[in-house]
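Below: the structure, in structure tokens.
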Amino acid sequence: RFKNYYEKAADKGNVNAQYYIGKLYYKGKGIEKDDKKAFEYLKKAADKGHIDAQYNLGFCYAEGKGIEEDFKKAFEYWKKAADSGNADAQYNIGCCYIGGLGVEKADQNKAIDYWNEAVSEGHAVAQNTLGKCFAEGVGCERNFNNAFNFFKMAANHDYADAQYNLAVCYIEGLGVEKDYKKAFEYLKKAADQGHTMAQNTLGKCYLDVDYCKAFEYFKRAADQGYAYAQYNLGVCYIEGFGVENADQRKAIEYWEKAANQGLDAAKEALKKSRN
């Protein structure tokens, strides 16, 4: 009944209903997922100037959902939404420019411009991305002070990747004085959100003080497929760190997982274990 109400309103030309029913079909939320219908309704709303519909229609074109993949069209609709102030679309346009998707050529300066627009709207992912740009000197001069400030902005939005990057700044003294206590604090925040690199790094921190905690964080990251954590978990099993008894079979199991992802340290550990 709920779906029928919105679909009838959409078919009568109600732009908000067209957007809403398009989103439902796109996500398969409460109704059967239908990419073609999602595209049709989102396009009707987008072509009437509905900003969120323009943003979502961009994904239909980018992912080839309900229509043939077309990054030029994705760019076109994201740009419409971006120029109307949609921060998510501004971020996507920046990604298009950095990767040369849907545009004639990559343009780092334009990417930075659009990410700055998204940052002014408080977009955490854009803040973190600009932090990386300043840390690596992409589209701007390398500046660790600016990198730190952007990472901190995004971390304050509870964005896990930025919390990890901020922790690295505190560990390495990049744009800020070294502060291992602060680094640990942000690593834990990111790790507890499931960030694998933070979990693995936190596991290393705990190796000096608490083998059980080290094992716990290595296992969290390893079970998400992070190769370095799989290697470290193998070390825990072979050395008996954080487990009741050493277990070579388990160690080899995790080293094999890491080795299958190309990790040289795991390949070396396997070679030694078989000698």
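Quick note on naming: the chains in the structure tokens go A, B, ... in the order shown, residues restart at 1 in each chain, and ligands are numbered from 1 in order of appearance.
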- With a distance cut-off of 6 Å and only C-alpha atoms, select the neighbouring residues of region 35-40 of chain A, excluding the residue or stretch itself and same-chain residues fewer than 4 positions from it, and output the selection as a ChimeraX atom specification. /A:22,25-26,65-66
For those residues, write N, CA, C and O atoms to a file as a compact mmCIF listing (two decimals), in the first residue's frame.
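Written file, selection.txt:
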# COMPACT_ATOMS: atom_id res chain seq x y z
N GLY A 22 12.18 5.88 -6.63
CA GLY A 22 13.42 5.50 -7.31
C GLY A 22 14.45 4.96 -6.34
O GLY A 22 15.11 3.95 -6.61
N TYR A 25 13.44 1.41 -5.17
CA TYR A 25 13.78 0.41 -6.17
C TYR A 25 15.29 0.20 -6.26
O TYR A 25 15.78 -0.92 -6.48
N TYR A 26 16.06 1.27 -6.07
CA TYR A 26 17.53 1.18 -6.14
C TYR A 26 18.08 0.31 -5.01
O TYR A 26 18.95 -0.53 -5.20
N LYS A 65 23.71 0.60 -13.52
CA LYS A 65 22.49 0.04 -12.93
C LYS A 65 21.25 0.61 -13.62
O LYS A 65 20.96 1.78 -13.50
N GLY A 66 20.55 -0.26 -14.36
CA GLY A 66 19.35 0.16 -15.07
C GLY A 66 19.64 0.85 -16.38
O GLY A 66 18.73 1.23 -17.12
- Got a sec: who's within 12 Å of region 217-232 of chain A, counting only C-alpha atoms, leaving out chain neighbours fewer than 4 positions off, as an MDAnalysis selection string? chainID A and resid 187:188 190:207 210:213 236:243 250:270
- Task: For CA of Gly64 (chain A) and CA of Cys95 (chain A), quote the distance in Å rounded to one decimal.
- Result: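 CA of Cys95 (chain A) lies at a distance of 17.8 Å from CA of Gly64 (chain A).
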- Mind checking which residues fall within 12 Å of Gly122 (chain A), counting only C-alpha atoms, ignoring those fewer than 3 positions away in the same chain, and posting them as number ranges by chain? A: 85-88, 90-91, 115-119, 125-128, 150, 153-157, 159
- Query: Hey, what's within 8 Å of Ala167 (chain A) if we count only C-alpha atoms and toss same-chain stuff fewer than 3 positions away? As a ChimeraX atom specification, please?
  - Reply: /A:163-164,170-171,182-187
- Task: With a distance cut-off of 10 Å and only C-alpha atoms, select the neighbouring residues of region 172-176 of chain A, excluding the residue or stretch itself and same-chain residues fewer than 2 positions from it, and output the selection as a ChimeraX atom specification.
- Result: /A:135,143-149,166-170,178-180,183
- Task: Taking the chain letters and numbering used in this document, name the residues of region 138-256 of chain A that DSSP puts in helix (DSSP H, G or I), as an MDAnalysis selection string.
- Result: chainID A and resid 144:155 160:172 180:191 196:206 211:222 227:239 248:256
- From the set A:Lys271, A:Lys27, A:Lys48, A:Lys152, which residue has the shortest atom-to-atom contact distance to Asn165 (chain A), counting only C-alpha atoms?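 Of A:Lys271, A:Lys27, A:Lys48, A:Lys152, the one nearest Asn165 (chain A) is A:Lys152, counting only C-alpha atoms.
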Residues at most 8 Å from Asn16 (chain A), counting only C-alpha atoms, excluding those fewer than 4 positions away in the same chain, as a short mmCIF file (atom, residue, chain, number, x, y, z; two decimals) with N, CA and C atoms, in the first residue's frame?
data_model
loop_
_atom_site.label_atom_id
_atom_site.label_comp_id
_atom_site.auth_asym_id
_atom_site.auth_seq_id
_atom_site.Cartn_x
_atom_site.Cartn_y
_atom_site.Cartn_z
N ALA A 10 4.15 9.42 -8.06
CA ALA A 10 5.28 9.58 -8.99
C ALA A 10 4.80 9.58 -10.43
N TYR A 20 11.72 9.36 -4.29
CA TYR A 20 11.57 8.41 -3.18
C TYR A 20 11.39 6.99 -3.71
N ALA A 45 12.99 12.54 -11.80
CA ALA A 45 13.16 13.55 -10.75
C ALA A 45 14.40 14.41 -11.00
N HIS A 50 15.74 17.84 -9.16
CA HIS A 50 15.83 17.30 -7.79
C HIS A 50 17.28 16.93 -7.51
#
- Might you pull out every residue within 12 Å of Ile51 (chain A), with only C-alpha atoms counted and same-chain residues fewer than 4 positions away left off, and present them as a ChimeraX atom specification? /A:15-16,19,42-47,55-58,77-90
N, CA, C and O atoms of the current selection, written as a tab-separated table (two decimals), in the first residue's frame:
chain	number	residue	atom	x	y	z
A	15	VAL	N	7.60	15.15	-8.09
A	15	VAL	CA	9.05	14.97	-8.16
A	15	VAL	C	9.61	14.30	-6.91
A	15	VAL	O	10.52	13.45	-7.01
A	16	ASN	N	9.09	14.65	-5.75
A	16	ASN	CA	9.58	14.02	-4.51
A	16	ASN	C	9.23	12.54	-4.47
A	16	ASN	O	10.01	11.71	-4.01
A	19	TYR	N	11.57	10.66	-6.78
A	19	TYR	CA	12.86	10.42	-6.14
A	19	TYR	C	12.75	9.30	-5.11
A	19	TYR	O	13.57	8.37	-5.09
A	42	LEU	N	14.38	7.89	-10.93
A	42	LEU	CA	15.40	8.86	-10.53
A	42	LEU	C	15.67	9.86	-11.65
A	42	LEU	O	15.85	11.05	-11.40
A	43	LYS	N	15.67	9.38	-12.88
A	43	LYS	CA	15.93	10.28	-14.02
A	43	LYS	C	14.81	11.31	-14.17
A	43	LYS	O	15.06	12.49	-14.44
A	44	LYS	N	13.56	10.87	-13.97
A	44	LYS	CA	12.44	11.81	-14.05
A	44	LYS	C	12.62	12.93	-13.04
A	44	LYS	O	12.45	14.11	-13.35
A	45	ALA	N	12.99	12.54	-11.80
A	45	ALA	CA	13.16	13.55	-10.75
A	45	ALA	C	14.40	14.41	-11.00
A	45	ALA	O	14.37	15.63	-10.82
A	46	ALA	N	15.48	13.76	-11.44
A	46	ALA	CA	16.73	14.48	-11.69
A	46	ALA	C	16.56	15.52	-12.78
A	46	ALA	O	17.06	16.65	-12.67
A	47	ASP	N	15.83	15.16	-13.83
A	47	ASP	CA	15.65	16.08	-14.95
A	47	ASP	C	14.71	17.23	-14.63
A	47	ASP	O	14.61	18.20	-15.39
A	55	TYR	N	22.19	13.29	-7.77
A	55	TYR	CA	23.32	12.62	-7.12
A	55	TYR	C	23.19	11.10	-7.25
A	55	TYR	O	24.15	10.41	-7.64
A	56	ASN	N	22.01	10.57	-6.98
A	56	ASN	CA	21.80	9.11	-7.04
A	56	ASN	C	21.81	8.59	-8.47
A	56	ASN	O	22.28	7.48	-8.74
A	57	LEU	N	21.31	9.39	-9.39
A	57	LEU	CA	21.32	8.99	-10.80
A	57	LEU	C	22.75	8.86	-11.29
A	57	LEU	O	23.06	7.99	-12.12
A	58	GLY	N	23.64	9.70	-10.78
A	58	GLY	CA	25.05	9.58	-11.13
A	58	GLY	C	25.59	8.19	-10.86
A	58	GLY	O	26.35	7.64	-11.65
A	77	TYR	N	25.55	14.44	-14.13
A	77	TYR	CA	24.52	14.56	-13.09
A	77	TYR	C	25.12	14.88	-11.72
A	77	TYR	O	24.53	15.63	-10.94
A	78	TRP	N	26.30	14.31	-11.42
A	78	TRP	CA	26.95	14.69	-10.17
A	78	TRP	C	27.30	16.18	-10.16
A	78	TRP	O	27.15	16.84	-9.14
A	79	LYS	N	27.71	16.68	-11.32
A	79	LYS	CA	28.09	18.10	-11.39
A	79	LYS	C	26.87	19.00	-11.15
A	79	LYS	O	26.97	20.03	-10.48
A	80	LYS	N	25.73	18.60	-11.71
A	80	LYS	CA	24.50	19.37	-11.47
A	80	LYS	C	24.21	19.44	-9.97
A	80	LYS	O	23.90	20.51	-9.43
A	81	ALA	N	24.32	18.29	-9.30
A	81	ALA	CA	24.06	18.25	-7.87
A	81	ALA	C	25.14	19.01	-7.09
A	81	ALA	O	24.84	19.74	-6.13
A	82	ALA	N	26.38	18.86	-7.53
A	82	ALA	CA	27.50	19.54	-6.87
A	82	ALA	C	27.35	21.05	-6.96
A	82	ALA	O	27.56	21.76	-5.96
A	83	ASP	N	26.99	21.53	-8.14
A	83	ASP	CA	26.86	22.97	-8.34
A	83	ASP	C	25.65	23.55	-7.60
A	83	ASP	O	25.53	24.77	-7.46
A	84	SER	N	24.77	22.66	-7.13
A	84	SER	CA	23.63	23.09	-6.31
A	84	SER	C	23.93	22.95	-4.82
A	84	SER	O	23.05	23.14	-3.98
A	85	GLY	N	25.18	22.56	-4.51
A	85	GLY	CA	25.61	22.52	-3.11
A	85	GLY	C	25.59	21.17	-2.43
A	85	GLY	O	25.80	21.07	-1.22
A	86	ASN	N	25.37	20.08	-3.18
A	86	ASN	CA	25.37	18.74	-2.58
A	86	ASN	C	26.82	18.31	-2.31
A	86	ASN	O	27.60	18.10	-3.23
A	87	ALA	N	27.17	18.17	-1.04
A	87	ALA	CA	28.57	17.90	-0.65
A	87	ALA	C	29.04	16.53	-1.13
A	87	ALA	O	30.20	16.37	-1.53
A	88	ASP	N	28.16	15.53	-1.10
A	88	ASP	CA	28.55	14.20	-1.57
A	88	ASP	C	28.88	14.24	-3.06
A	88	ASP	O	29.83	13.60	-3.52
A	89	ALA	N	28.09	14.99	-3.81
A	89	ALA	CA	28.34	15.12	-5.25
A	89	ALA	C	29.63	15.90	-5.50
A	89	ALA	O	30.40	15.57	-6.41
A	90	GLN	N	29.89	16.92	-4.69
A	90	GLN	CA	31.13	17.68	-4.81
A	90	GLN	C	32.33	16.76	-4.59
A	90	GLN	O	33.33	16.83	-5.32
